[in-house]
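Shown below: protein-v2.cif, with mmCIF, C-alpha atoms and all ligand atoms.
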data_model
#
loop_
_atom_site.label_atom_id
_atom_site.label_comp_id
_atom_site.auth_asym_id
_atom_site.auth_seq_id
_atom_site.Cartn_x
_atom_site.Cartn_y
_atom_site.Cartn_z
CA MET T 54 -58.70 23.30 86.76
CA SER T 55 -56.34 23.60 83.81
CA GLU T 56 -53.11 24.86 85.37
CA ARG T 57 -51.68 22.22 87.61
CA PRO T 58 -48.56 22.86 89.64
CA PRO T 59 -45.64 20.45 89.09
CA HIS T 60 -45.71 19.68 92.79
CA VAL T 61 -47.64 20.44 95.95
CA THR T 62 -45.94 21.44 99.21
CA VAL T 63 -47.51 20.59 102.54
CA ASN T 64 -46.01 20.39 106.03
CA GLY T 65 -42.57 21.10 104.61
CA ARG T 66 -42.55 18.21 102.12
CA ASP T 67 -42.97 18.35 98.33
CA TYR T 68 -45.12 15.89 96.39
CA ARG T 69 -45.13 15.60 92.60
CA TRP T 70 -48.45 15.93 90.83
CA PRO T 71 -49.66 12.40 90.08
CA THR T 72 -49.58 11.16 86.49
CA ALA T 73 -51.95 8.29 87.39
CA PRO T 74 -54.60 7.96 90.09
CA THR T 75 -52.62 7.45 93.29
CA VAL T 76 -54.06 5.32 96.07
CA VAL T 77 -52.53 4.99 99.53
CA ILE T 78 -54.05 2.23 101.65
CA CYS T 79 -53.67 1.98 105.42
CA LEU T 80 -54.36 -1.64 106.27
CA ASP T 81 -55.15 -1.38 109.97
CA GLY T 82 -53.15 -3.65 112.27
CA SER T 83 -51.38 -5.40 109.42
CA GLU T 84 -48.52 -7.13 111.20
CA PRO T 85 -46.11 -8.16 108.40
CA GLY T 86 -46.76 -11.89 108.96
CA TYR T 87 -50.33 -11.66 107.65
CA ILE T 88 -49.41 -10.82 104.07
CA GLU T 89 -46.33 -13.05 104.07
CA THR T 90 -48.44 -16.02 105.17
CA ALA T 91 -51.21 -15.28 102.67
CA ILE T 92 -48.66 -15.10 99.86
CA ASP T 93 -46.95 -18.31 101.00
CA LYS T 94 -50.29 -20.12 100.95
CA GLY T 95 -51.12 -18.89 97.45
CA LEU T 96 -54.06 -16.84 98.72
CA ALA T 97 -52.74 -13.49 97.52
CA PRO T 98 -51.70 -13.82 93.86
CA HIS T 99 -51.84 -10.07 93.18
CA LEU T 100 -49.67 -9.19 96.16
CA ALA T 101 -47.29 -11.99 95.17
CA ARG T 102 -47.00 -10.46 91.70
CA LEU T 103 -46.36 -7.02 93.19
CA MET T 104 -43.50 -8.57 95.15
CA ARG T 105 -41.89 -9.42 91.82
CA GLU T 106 -42.94 -6.42 89.73
CA GLY T 107 -43.17 -3.68 92.33
CA ALA T 108 -41.58 -3.28 95.72
CA ILE T 109 -42.17 -4.81 99.11
CA LEU T 110 -40.55 -2.80 101.88
CA THR T 111 -40.68 -2.64 105.64
CA ALA T 112 -41.48 0.64 107.37
CA LEU T 113 -41.67 1.86 110.95
CA SER T 114 -44.89 3.25 112.38
CA VAL T 115 -45.24 6.14 114.77
CA ILE T 116 -45.10 5.40 118.51
CA PRO T 117 -47.60 5.04 120.13
CA SER T 118 -48.42 2.38 117.55
CA PHE T 119 -52.11 3.21 117.59
CA THR T 120 -54.58 3.89 114.80
CA ASN T 121 -55.22 7.63 114.88
CA PRO T 122 -51.64 8.87 115.38
CA ASN T 123 -50.50 6.73 112.48
CA ASN T 124 -53.35 7.49 110.10
CA LEU T 125 -52.79 11.19 110.67
CA SER T 126 -49.05 10.80 110.23
CA ILE T 127 -49.59 9.02 106.91
CA VAL T 128 -51.95 11.69 105.56
CA THR T 129 -49.84 14.63 106.74
CA GLY T 130 -46.46 13.05 106.00
CA ARG T 131 -45.22 14.09 109.42
CA PRO T 132 -45.06 12.72 113.00
CA PRO T 133 -47.46 13.64 115.86
CA ALA T 134 -45.17 16.45 117.06
CA VAL T 135 -46.27 18.28 113.90
CA HIS T 136 -49.92 17.21 113.50
CA GLY T 137 -50.79 16.89 117.20
CA ILE T 138 -52.71 13.59 117.13
CA ALA T 139 -50.80 11.57 119.71
CA GLY T 140 -53.49 9.01 120.52
CA ASN T 141 -57.12 8.07 120.10
CA TYR T 142 -57.75 9.58 123.52
CA PHE T 143 -55.99 12.13 125.71
CA LEU T 144 -56.15 14.53 128.64
CA ASP T 145 -56.97 17.94 127.22
CA LEU T 146 -54.96 20.27 129.46
CA THR T 147 -56.97 23.26 128.24
CA THR T 148 -60.13 21.81 129.88
CA GLY T 149 -58.77 19.18 132.29
CA GLU T 150 -61.02 16.59 130.67
CA GLU T 151 -60.18 13.23 129.18
CA VAL T 152 -61.59 13.20 125.66
CA MET T 153 -61.44 11.39 122.35
CA MET T 154 -58.91 12.99 120.03
CA ASN T 155 -61.05 12.45 116.94
CA ASP T 156 -62.36 15.99 116.63
CA ALA T 157 -60.86 17.84 113.67
CA ARG T 158 -59.99 20.83 115.89
CA PHE T 159 -57.22 18.77 117.47
CA LEU T 160 -55.43 18.37 114.12
CA ARG T 161 -52.66 20.95 113.75
CA ALA T 162 -51.49 20.25 110.20
CA ASP T 163 -53.08 20.12 106.76
CA THR T 164 -53.52 16.75 105.12
CA ILE T 165 -51.90 15.89 101.82
CA MET T 166 -55.39 15.36 100.39
CA LYS T 167 -56.43 18.89 101.35
CA ALA T 168 -53.27 20.36 99.86
CA PHE T 169 -53.87 18.56 96.56
CA ALA T 170 -57.56 19.49 96.57
CA ASP T 171 -56.67 23.15 97.16
CA ALA T 172 -54.32 22.92 94.16
CA GLY T 173 -57.16 21.65 91.96
CA ALA T 174 -56.94 17.88 92.35
CA ARG T 175 -59.82 15.46 92.80
CA VAL T 176 -59.43 13.66 96.13
CA ALA T 177 -61.25 10.84 97.87
CA VAL T 178 -61.08 9.42 101.39
CA VAL T 179 -62.83 6.28 102.60
CA THR T 180 -62.42 4.95 106.13
CA ALA T 181 -63.88 1.84 107.71
CA LYS T 182 -64.67 3.38 111.10
CA ASP T 183 -66.24 6.78 111.35
CA LYS T 184 -63.87 7.82 114.18
CA LEU T 185 -61.23 8.81 111.63
CA ARG T 186 -63.37 10.46 108.99
CA ALA T 187 -63.56 13.96 110.46
CA LEU T 188 -59.79 14.12 110.99
CA LEU T 189 -58.91 12.73 107.57
CA ALA T 190 -61.45 14.95 105.79
CA LYS T 191 -60.47 18.16 107.57
CA GLY T 192 -60.44 21.14 105.25
CA LEU T 193 -61.93 19.39 102.21
CA ASP T 194 -64.40 21.55 100.28
CA PHE T 195 -67.26 19.25 99.34
CA ALA T 196 -69.02 22.05 97.48
CA SER T 197 -66.16 22.00 94.96
CA GLY T 198 -67.39 18.69 93.55
CA ARG T 199 -63.78 17.48 93.64
CA ALA T 200 -63.77 15.91 97.13
CA VAL T 201 -65.44 12.84 98.59
CA ALA T 202 -64.95 11.52 102.14
CA PHE T 203 -67.10 9.01 104.00
CA SER T 204 -66.89 6.04 106.33
CA ALA T 205 -68.19 2.53 105.76
CA GLU T 206 -69.66 2.64 109.26
CA LYS T 207 -71.90 5.62 108.46
CA ALA T 208 -72.23 5.15 104.70
CA ASP T 209 -76.00 5.21 105.03
CA ALA T 210 -75.80 8.78 106.36
CA ALA T 211 -73.52 10.22 103.67
CA THR T 212 -74.70 13.45 102.09
CA ARG T 213 -73.40 15.61 99.28
CA ALA T 214 -72.95 18.55 101.65
CA ALA T 215 -71.00 16.67 104.34
CA ASN T 216 -69.35 13.86 102.35
CA GLY T 217 -69.34 14.86 98.70
CA LEU T 218 -71.91 12.26 97.64
CA ASP T 219 -75.42 11.14 98.47
CA ASP T 220 -76.44 7.54 99.09
CA ALA T 221 -73.06 5.89 99.46
CA LEU T 222 -74.71 2.49 99.92
CA ALA T 223 -76.20 2.58 96.45
CA PHE T 224 -72.95 3.97 95.04
CA VAL T 225 -70.89 1.13 96.50
CA GLY T 226 -73.59 -1.47 95.89
CA GLN T 227 -73.15 -3.25 99.22
CA PRO T 228 -75.36 -3.28 102.33
CA LEU T 229 -74.30 -1.29 105.40
CA PRO T 230 -71.70 -3.47 107.16
CA ALA T 231 -71.68 -4.18 110.89
CA VAL T 232 -69.10 -2.09 112.79
CA TYR T 233 -67.48 -5.24 114.19
CA SER T 234 -66.90 -7.12 110.96
CA ALA T 235 -64.44 -7.88 108.19
CA ALA T 236 -67.12 -6.51 105.85
CA LEU T 237 -66.49 -2.99 107.21
CA SER T 238 -63.01 -3.05 105.66
CA GLU T 239 -64.25 -4.75 102.50
CA PHE T 240 -66.79 -1.95 102.06
CA ALA T 241 -63.96 0.62 102.17
CA PHE T 242 -62.08 -1.28 99.47
CA ALA T 243 -65.21 -1.71 97.34
CA ALA T 244 -65.86 2.02 97.65
CA GLY T 245 -62.29 2.71 96.55
CA VAL T 246 -62.68 0.60 93.42
CA LYS T 247 -65.98 2.31 92.57
CA LEU T 248 -64.54 5.77 93.17
CA LEU T 249 -61.55 4.98 90.99
CA ALA T 250 -63.89 4.01 88.15
CA SER T 251 -66.45 6.81 88.38
CA PHE T 252 -65.05 9.71 90.42
CA ASN T 253 -61.57 9.71 88.86
CA PRO T 254 -59.61 10.81 91.93
CA ASP T 255 -56.06 12.08 91.49
CA VAL T 256 -55.29 11.11 95.08
CA MET T 257 -57.23 8.64 97.22
CA TYR T 258 -56.75 7.37 100.77
CA LEU T 259 -58.38 4.16 102.02
CA SER T 260 -58.21 3.13 105.67
CA THR T 261 -59.53 -0.19 107.00
CA THR T 262 -60.22 -1.50 110.52
CA ASP T 263 -58.26 -4.06 112.52
CA TYR T 264 -61.27 -6.07 113.71
CA VAL T 265 -59.85 -9.24 112.13
CA GLN T 266 -56.27 -8.62 113.26
CA HIS T 267 -57.34 -8.13 116.90
CA LYS T 268 -59.03 -11.53 116.83
CA ALA T 269 -57.04 -13.66 114.43
CA ALA T 270 -53.31 -14.35 114.14
CA PRO T 271 -51.44 -14.65 110.81
CA GLY T 272 -52.25 -17.96 109.13
CA SER T 273 -55.60 -18.43 110.88
CA GLU T 274 -58.71 -19.08 108.78
CA ALA T 275 -60.22 -15.63 109.43
CA ALA T 276 -56.95 -13.85 108.68
CA ASP T 277 -56.36 -15.82 105.49
CA ALA T 278 -59.88 -15.07 104.25
CA PHE T 279 -59.39 -11.38 105.03
CA TYR T 280 -56.10 -11.14 103.14
CA ALA T 281 -57.52 -13.04 100.17
CA MET T 282 -60.23 -10.35 100.09
CA VAL T 283 -57.63 -7.57 100.37
CA ASP T 284 -55.69 -9.17 97.53
CA ARG T 285 -58.71 -9.14 95.19
CA TYR T 286 -59.25 -5.42 95.74
CA VAL T 287 -55.56 -4.53 95.46
CA GLY T 288 -55.64 -6.47 92.18
CA ALA T 289 -58.65 -4.47 91.01
CA LEU T 290 -57.05 -1.13 91.89
CA ASP T 291 -53.86 -2.19 90.14
CA ALA T 292 -55.75 -3.39 87.05
CA ALA T 293 -57.54 -0.04 86.86
CA GLY T 294 -54.17 1.67 86.37
CA ALA T 295 -53.73 3.21 89.82
CA VAL T 296 -50.44 3.67 91.59
CA VAL T 297 -51.02 1.75 94.82
CA VAL T 298 -49.02 1.97 98.03
CA LEU T 299 -50.25 -0.24 100.84
CA THR T 300 -48.94 0.22 104.36
CA ALA T 301 -50.25 -0.14 107.92
CA ASP T 302 -50.79 1.98 110.99
CA HIS T 303 -49.30 -0.62 113.35
CA GLY T 304 -48.67 -4.32 113.79
CA MET T 305 -50.40 -6.66 116.23
CA ASN T 306 -49.24 -9.21 118.80
CA ASP T 307 -50.71 -11.74 121.21
CA LYS T 308 -51.00 -10.09 124.63
CA HIS T 309 -52.30 -12.88 126.82
CA LEU T 310 -51.29 -15.55 129.29
CA ALA T 311 -51.31 -19.29 128.60
CA ASP T 312 -54.87 -19.53 129.96
CA GLY T 313 -56.06 -16.93 127.42
CA SER T 314 -56.56 -14.08 129.90
CA PRO T 315 -54.94 -10.72 129.07
CA ASP T 316 -51.45 -10.23 130.50
CA VAL T 317 -51.95 -6.80 132.08
CA LEU T 318 -49.85 -4.50 134.20
CA TYR T 319 -52.28 -2.15 135.95
CA VAL T 320 -50.29 1.09 135.94
CA GLN T 321 -52.64 3.11 138.17
CA ASP T 322 -52.11 0.55 140.95
CA VAL T 323 -48.32 0.86 140.65
CA VAL T 324 -48.39 4.66 140.68
CA ASP T 325 -50.96 4.83 143.49
CA ARG T 326 -48.55 2.92 145.75
CA LEU T 327 -45.85 5.52 145.01
CA VAL T 328 -47.73 8.83 145.13
CA GLY T 329 -50.97 8.04 146.98
CA ALA T 330 -54.27 6.69 145.77
CA GLY T 331 -56.00 8.56 142.96
CA LEU T 332 -53.52 11.45 142.76
CA ALA T 333 -52.07 10.45 139.40
CA ARG T 334 -54.03 10.08 136.15
CA VAL T 335 -53.11 7.21 133.88
CA ILE T 336 -54.18 7.82 130.29
CA LEU T 337 -54.42 4.94 127.82
CA PRO T 338 -54.40 6.51 124.36
CA ILE T 339 -55.75 3.28 122.78
CA THR T 340 -59.11 4.03 124.43
CA ASP T 341 -61.92 4.43 121.92
CA PRO T 342 -65.63 3.61 121.69
CA TYR T 343 -64.86 0.30 119.99
CA VAL T 344 -63.75 -1.54 123.15
CA ALA T 345 -64.74 -5.00 121.95
CA HIS T 346 -61.48 -5.02 119.97
CA HIS T 347 -59.12 -4.62 122.86
CA GLY T 348 -60.84 -3.67 126.14
CA ALA T 349 -58.77 -0.45 126.08
CA LEU T 350 -55.65 -2.52 126.74
CA GLY T 351 -52.55 -1.63 124.71
CA SER T 352 -48.80 -1.37 125.14
CA PHE T 353 -48.50 2.38 125.70
CA ALA T 354 -49.60 4.53 128.63
CA THR T 355 -48.90 8.04 129.79
CA ILE T 356 -49.21 9.32 133.35
CA TYR T 357 -50.02 12.76 134.74
CA LEU T 358 -48.46 13.09 138.19
CA PRO T 359 -49.02 15.49 141.08
CA ALA T 360 -46.68 18.49 140.81
CA ASP T 361 -44.54 17.38 143.75
CA ALA T 362 -44.08 13.80 142.57
CA ASP T 363 -40.56 12.47 141.99
CA ARG T 364 -40.73 11.62 138.29
CA ALA T 365 -37.36 9.86 138.23
CA LYS T 366 -38.41 7.59 141.08
CA ILE T 367 -41.61 6.65 139.29
CA VAL T 368 -39.75 5.97 136.04
CA ALA T 369 -37.35 3.71 137.96
CA ALA T 370 -40.19 1.84 139.67
CA LEU T 371 -42.10 1.31 136.44
CA SER T 372 -38.95 0.20 134.63
CA ALA T 373 -38.49 -2.52 137.25
CA GLU T 374 -42.00 -3.95 136.72
CA PRO T 375 -42.13 -7.26 134.84
CA GLY T 376 -43.24 -6.78 131.25
CA VAL T 377 -42.24 -3.13 130.99
CA GLU T 378 -40.16 -2.41 127.90
CA ALA T 379 -39.29 1.17 128.77
CA ALA T 380 -40.41 4.04 130.97
CA MET T 381 -39.25 7.60 130.54
CA GLU T 382 -40.08 11.18 131.33
CA ARG T 383 -42.09 13.33 128.95
CA GLU T 384 -39.14 15.19 127.46
CA GLU T 385 -37.32 12.02 126.50
CA ALA T 386 -40.48 10.41 125.09
CA CYS T 387 -41.34 13.46 123.00
CA ALA T 388 -37.81 13.70 121.60
CA ARG T 389 -37.51 10.00 120.86
CA PHE T 390 -41.00 9.46 119.41
CA GLU T 391 -41.63 12.95 117.98
CA LEU T 392 -44.70 13.60 120.14
CA PRO T 393 -46.43 16.90 121.09
CA PRO T 394 -45.40 17.68 124.71
CA ASP T 395 -48.74 19.29 125.59
CA ARG T 396 -50.55 16.03 124.82
CA VAL T 397 -48.24 13.66 126.70
CA GLY T 398 -48.17 13.07 130.46
CA ASP T 399 -45.22 13.48 132.83
CA VAL T 400 -44.17 9.87 132.30
CA VAL T 401 -44.55 7.47 129.37
CA VAL T 402 -44.44 3.70 129.76
CA LEU T 403 -44.31 1.00 127.08
CA SER T 404 -44.84 -2.71 127.61
CA ARG T 405 -43.18 -5.68 125.98
CA ARG T 406 -44.36 -7.81 123.10
CA HIS T 407 -46.92 -9.91 124.99
CA LYS T 408 -47.87 -7.48 127.79
CA VAL T 409 -50.48 -4.73 127.93
CA LEU T 410 -50.98 -1.77 130.22
CA GLY T 411 -54.21 -0.94 132.04
CA THR T 412 -55.31 1.60 134.62
CA THR T 413 -56.96 -0.48 137.36
CA ALA T 414 -58.79 -3.75 136.78
CA ALA T 415 -62.20 -2.26 137.64
CA ARG T 416 -61.96 0.33 134.84
CA HIS T 417 -61.60 -2.18 132.01
CA ASP T 418 -64.65 -3.79 130.46
CA LEU T 419 -63.26 -7.05 129.13
CA SER T 420 -66.67 -8.60 128.51
CA GLY T 421 -66.35 -7.97 124.77
CA LEU T 422 -63.09 -9.90 124.49
CA ALA T 423 -64.36 -13.14 123.00
CA GLU T 424 -60.88 -14.30 121.99
CA PRO T 425 -57.50 -14.14 123.78
CA LEU T 426 -56.30 -10.54 123.59
CA ARG T 427 -54.26 -9.34 120.63
CA SER T 428 -53.26 -5.68 120.76
CA HIS T 429 -50.65 -3.04 119.96
CA GLY T 430 -49.25 0.33 120.97
CA GLY T 431 -45.61 -0.36 121.73
CA LEU T 432 -42.29 -0.87 119.99
CA TRP T 433 -43.08 -4.48 119.10
CA GLU T 434 -45.87 -3.32 116.80
CA GLN T 435 -43.80 -0.70 115.00
CA ARG T 436 -42.74 -2.82 111.99
CA VAL T 437 -45.26 -2.64 109.16
CA PRO T 438 -45.21 -3.57 105.48
CA MET T 439 -45.08 -1.07 102.64
CA ILE T 440 -46.05 -2.57 99.30
CA VAL T 441 -45.81 -0.62 96.06
CA ASN T 442 -47.27 -1.74 92.73
CA ARG T 443 -44.62 0.09 90.71
CA ARG T 444 -40.86 -0.14 90.49
CA LEU T 445 -39.01 2.45 92.51
CA ALA T 446 -36.77 4.96 90.76
CA GLY T 447 -34.22 4.96 93.54
CA PRO T 448 -33.68 4.42 97.22
CA THR T 449 -36.35 5.20 99.80
CA PRO T 450 -35.73 7.25 102.97
CA GLU T 451 -33.81 5.39 105.68
CA PRO T 452 -35.36 4.47 108.02
CA LEU T 453 -38.54 4.25 105.96
CA ARG T 454 -41.59 5.40 107.93
CA ASN T 455 -45.19 4.52 107.19
CA PHE T 456 -45.81 8.25 106.88
CA ASP T 457 -43.50 8.27 103.85
CA ALA T 458 -46.27 6.44 101.94
CA PHE T 459 -47.36 9.45 99.85
CA ASP T 460 -43.71 10.40 99.27
CA VAL T 461 -43.09 6.90 97.92
CA ALA T 462 -46.30 6.91 95.84
CA LEU T 463 -45.77 10.35 94.30
CA ASN T 464 -42.01 10.95 94.38
CA ARG T 465 -40.17 7.63 94.44
CA ILE T 466 -41.79 5.46 91.80
CA ALA T 467 -40.31 5.15 88.33
CA ARG T 468 -42.34 7.27 85.85
ZN ZN T 501 -55.15 0.47 114.01
#

Written form, structure tokens:
Amino acid sequence: MSERPPHVTVNGRDYRWPTAPTVVICLDGSEPGYIETAIDKGLAPHLARLMREGAILTALSVIPSFTNPNNLSIVTGRPPAVHGIAGNYFLDLTTGEEVMMNDARFLRADTIMKAFADAGARVAVVTAKDKLRALLAKGLDFASGRAVAFSAEKADAATRAANGLDDALAFVGQPLPAVYSAALSEFAFAAGVKLLASFNPDVMYLSTTDYVQHKAAPGSEAADAFYAMVDRYVGALDAAGAVVVLTADHGMNDKHLADGSPDVLYVQDVVDRLVGAGLARVILPITDPYVAHHGALGSFATIYLPADADRAKIVAALSAEPGVEAAMEREEACARFELPPDRVGDVVVLSRRHKVLGTTAARHDLSGLAEPLRSHGGLWEQRVPMIVNRRLAGPTPEPLRNFDAFDVALNRIAR
């Protein structure tokens, strides 16, 4: 397309047309300490250089600090109240069923990639896990030849019609990675470097998985090796001339007792004592098919109560439980965290830094938790890094949100 608009408007925000390939990376579960430690140990020379030559900022994620709400906030530039993705999992009030929120029909806003593609740009999306691909790729026209979107997890199944390219394994030149592996994220990075070289995207979004971060704390051998890998690929993207903004969907904290067992408050048990057994429904929006990461235990829960329940009494009781950071009614939670009211229960509860929330013990399969639990979802996992490989032209929004990543990449860098 020859006539390019000076900017693209989507979800009420303007983005300048890129003058260089622009890559936004969501490094899943990247608690700030990981990169800081890797830099301190000399394992991340490219990121260390970007600290001097670009910008290293701190941003706040969306609450709940889970993967899908934050990835969708980053690619739409807006909070869940606008795009509708308030968790990985929710109670669909239109059907009364608890379902994964990874179907594209649940997304209520256009992505920035779609808006650029519609304006004539070449766009690419690579995710580690397939659970995000359909949401992130919503609205892309693969027949145009200007859009590519696939996951590392299902790279072997990529087709031109559904993903914009055939045989992604051969394209990337790596074998299909295991879904529970650091290699799944490395594949996404390797794909990004290849796409930058041969597909020439104007805008590209890369999203990794937090397999390593769930298992390994900052400074551990596995974490250091992972961030050294990330550093090599960030260096390659930078060397290829891309504008790179790296941020995260959420942080990660230890959530276990001294003996290594998860420190859990079972919310269904608390609520059952107050309203009667089985009458309330506790929803854990961290729930996804990849339970080996976290056993569906995170720091955010929402509760659907019987119509005659005393919400204020339940909020007070939950607030008094050890390890609870905050409990509040739906209206307060939706106002404070910019959430869609029709996808949030009557009460929201958040746990503290080292505590997680469950339903009842019997409903959690913890057999996949080989290491002491590390997880996320609450306020303690809201701080994330934002690293830019260019100097900024001026101040960034205050407070800076992770979903300002495209605004920073396209509007705030010095050109
Ligand atoms: Zn995540």

Exercise for review: Pick out the residues sitting within 9 Å of T:His347, and hand them over as JSON, numbers by chain; count all atoms listed in the file, and ignore anything fewer than 3 positions along from it in its own chain.
Suggested key: {"T": [267, 339, 340, 343, 344, 350, 351, 419, 421, 422, 426, 427, 428]}

Practice item. List all protein, DNA and RNA residues that have an atom no more than 7 Å from any atom of ligand ZN 501 (chain T), counting all atoms listed in the file, and report them as JSON, numbers by chain. Key: {"T": [81, 82, 119, 120, 262, 263, 302, 303]}

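Picture a line from atom CA of T:Arg405 to atom CA of T:Val317; it runs 10.7 Å.
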
Review point. Which is closer to T:Tyr142 than all the others in T:Ala414, T:Leu310, T:Val368, T:Val335, using all atoms listed in the file?
Key: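 Of the candidates, the smallest distance to T:Tyr142 is held by T:Val335.
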
Study note, to complete from the structure: Pairwise distance, atom CA of T:Met381 with atom CA of T:Thr355, equals 9.7 Å

**Study point:** Sphere at (-53.3, 10.6, 115.0), radius 9 Å, counting only C-alpha atoms: residues as a list in words
**Key:** Phe119, Thr120, Asn121, Pro122, Asn123, Asn124, Leu125, Ser126, Pro132, Pro133, His136, Gly137, Ile138, Ala139, Gly140, Asn141, Met154, Asn155, Leu160, Leu185 and Leu188 of chain T

Fewer than 2 positions away in the same chain doesn't count, so skip those; otherwise give me all residues within 6 Å of stretch 214-229 of chain T, counting all atoms listed in the file, as a compact mmCIF listing (two decimals) with C-alpha atoms, keeping the file's coordinate frame.
# COMPACT_ATOMS: atom_id res chain seq x y z
CA PHE T 195 -67.26 19.25 99.34
CA ALA T 200 -63.77 15.91 97.13
CA VAL T 201 -65.44 12.84 98.59
CA ALA T 202 -64.95 11.52 102.14
CA PHE T 203 -67.10 9.01 104.00
CA ALA T 208 -72.23 5.15 104.70
CA ASP T 209 -76.00 5.21 105.03
CA ALA T 211 -73.52 10.22 103.67
CA THR T 212 -74.70 13.45 102.09
CA ALA T 244 -65.86 2.02 97.65

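Atom pair atom CA of T:Ile92 / atom CA of T:Pro230: separated by 26.8 Å.
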
Report as JSON the centre and the edge lengths, in Å to one decimal, of the axis-aligned box holding every listed atom of stretch 121-128 of chain T, padded by 8 Å on each side.
{"center_x": -52.1, "center_y": 9.2, "center_z": 110.5, "size_x": 22.2, "size_y": 21.0, "size_z": 25.8}

Review point. Which polymer residues have any atom within 12 Å of an atom of T:Gly329, counting all atoms listed in the file, with same-chain residues fewer than 5 positions away left out, as a PyMOL selection string?
Key: chain T and resi 321-324+334+358-359+361-362

Point to revise | Non-local contacts of stretch 249-251 of chain T (12 Å; all atoms listed in the file; under 5 positions in same chain excluded) as a PyMOL selection string | key: chain T and resi 73-76+175-179+201+224-225+242-244+256-259+286+289-297

Check your understanding: For T:Asp284, which of T:Ala333, T:Leu371, T:Ala467, T:Ala101 is the closest residue, counting only C-alpha atoms?
Key ->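 Smallest separation from T:Asp284 among the options: T:Ala101.
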
Check your understanding: If you count all atoms listed in the file, which residues fall within 10 Å of T:Ala270, apart from same-chain ones fewer than 2 positions away, as a ChimeraX atom specification?
Key -> /T:84,86-87,265-268,272-277,305-307,427

Check your understanding: Of the candidates T:Phe252, T:Trp433, T:Tyr280, T:Trp70, which shows the shortest atom-to-atom distance to T:Ala97, using all atoms listed in the file?
Key -> T:Tyr280

Review point. Taking into account only C-alpha atoms, which residue in the set T:Ser118, T:Ser204, T:Asn253, T:Thr413 is nearest to T:Glu239?
Key: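 Of T:Ser118, T:Ser204, T:Asn253, T:Thr413, the one nearest T:Glu239, counting only C-alpha atoms, is T:Ser204.
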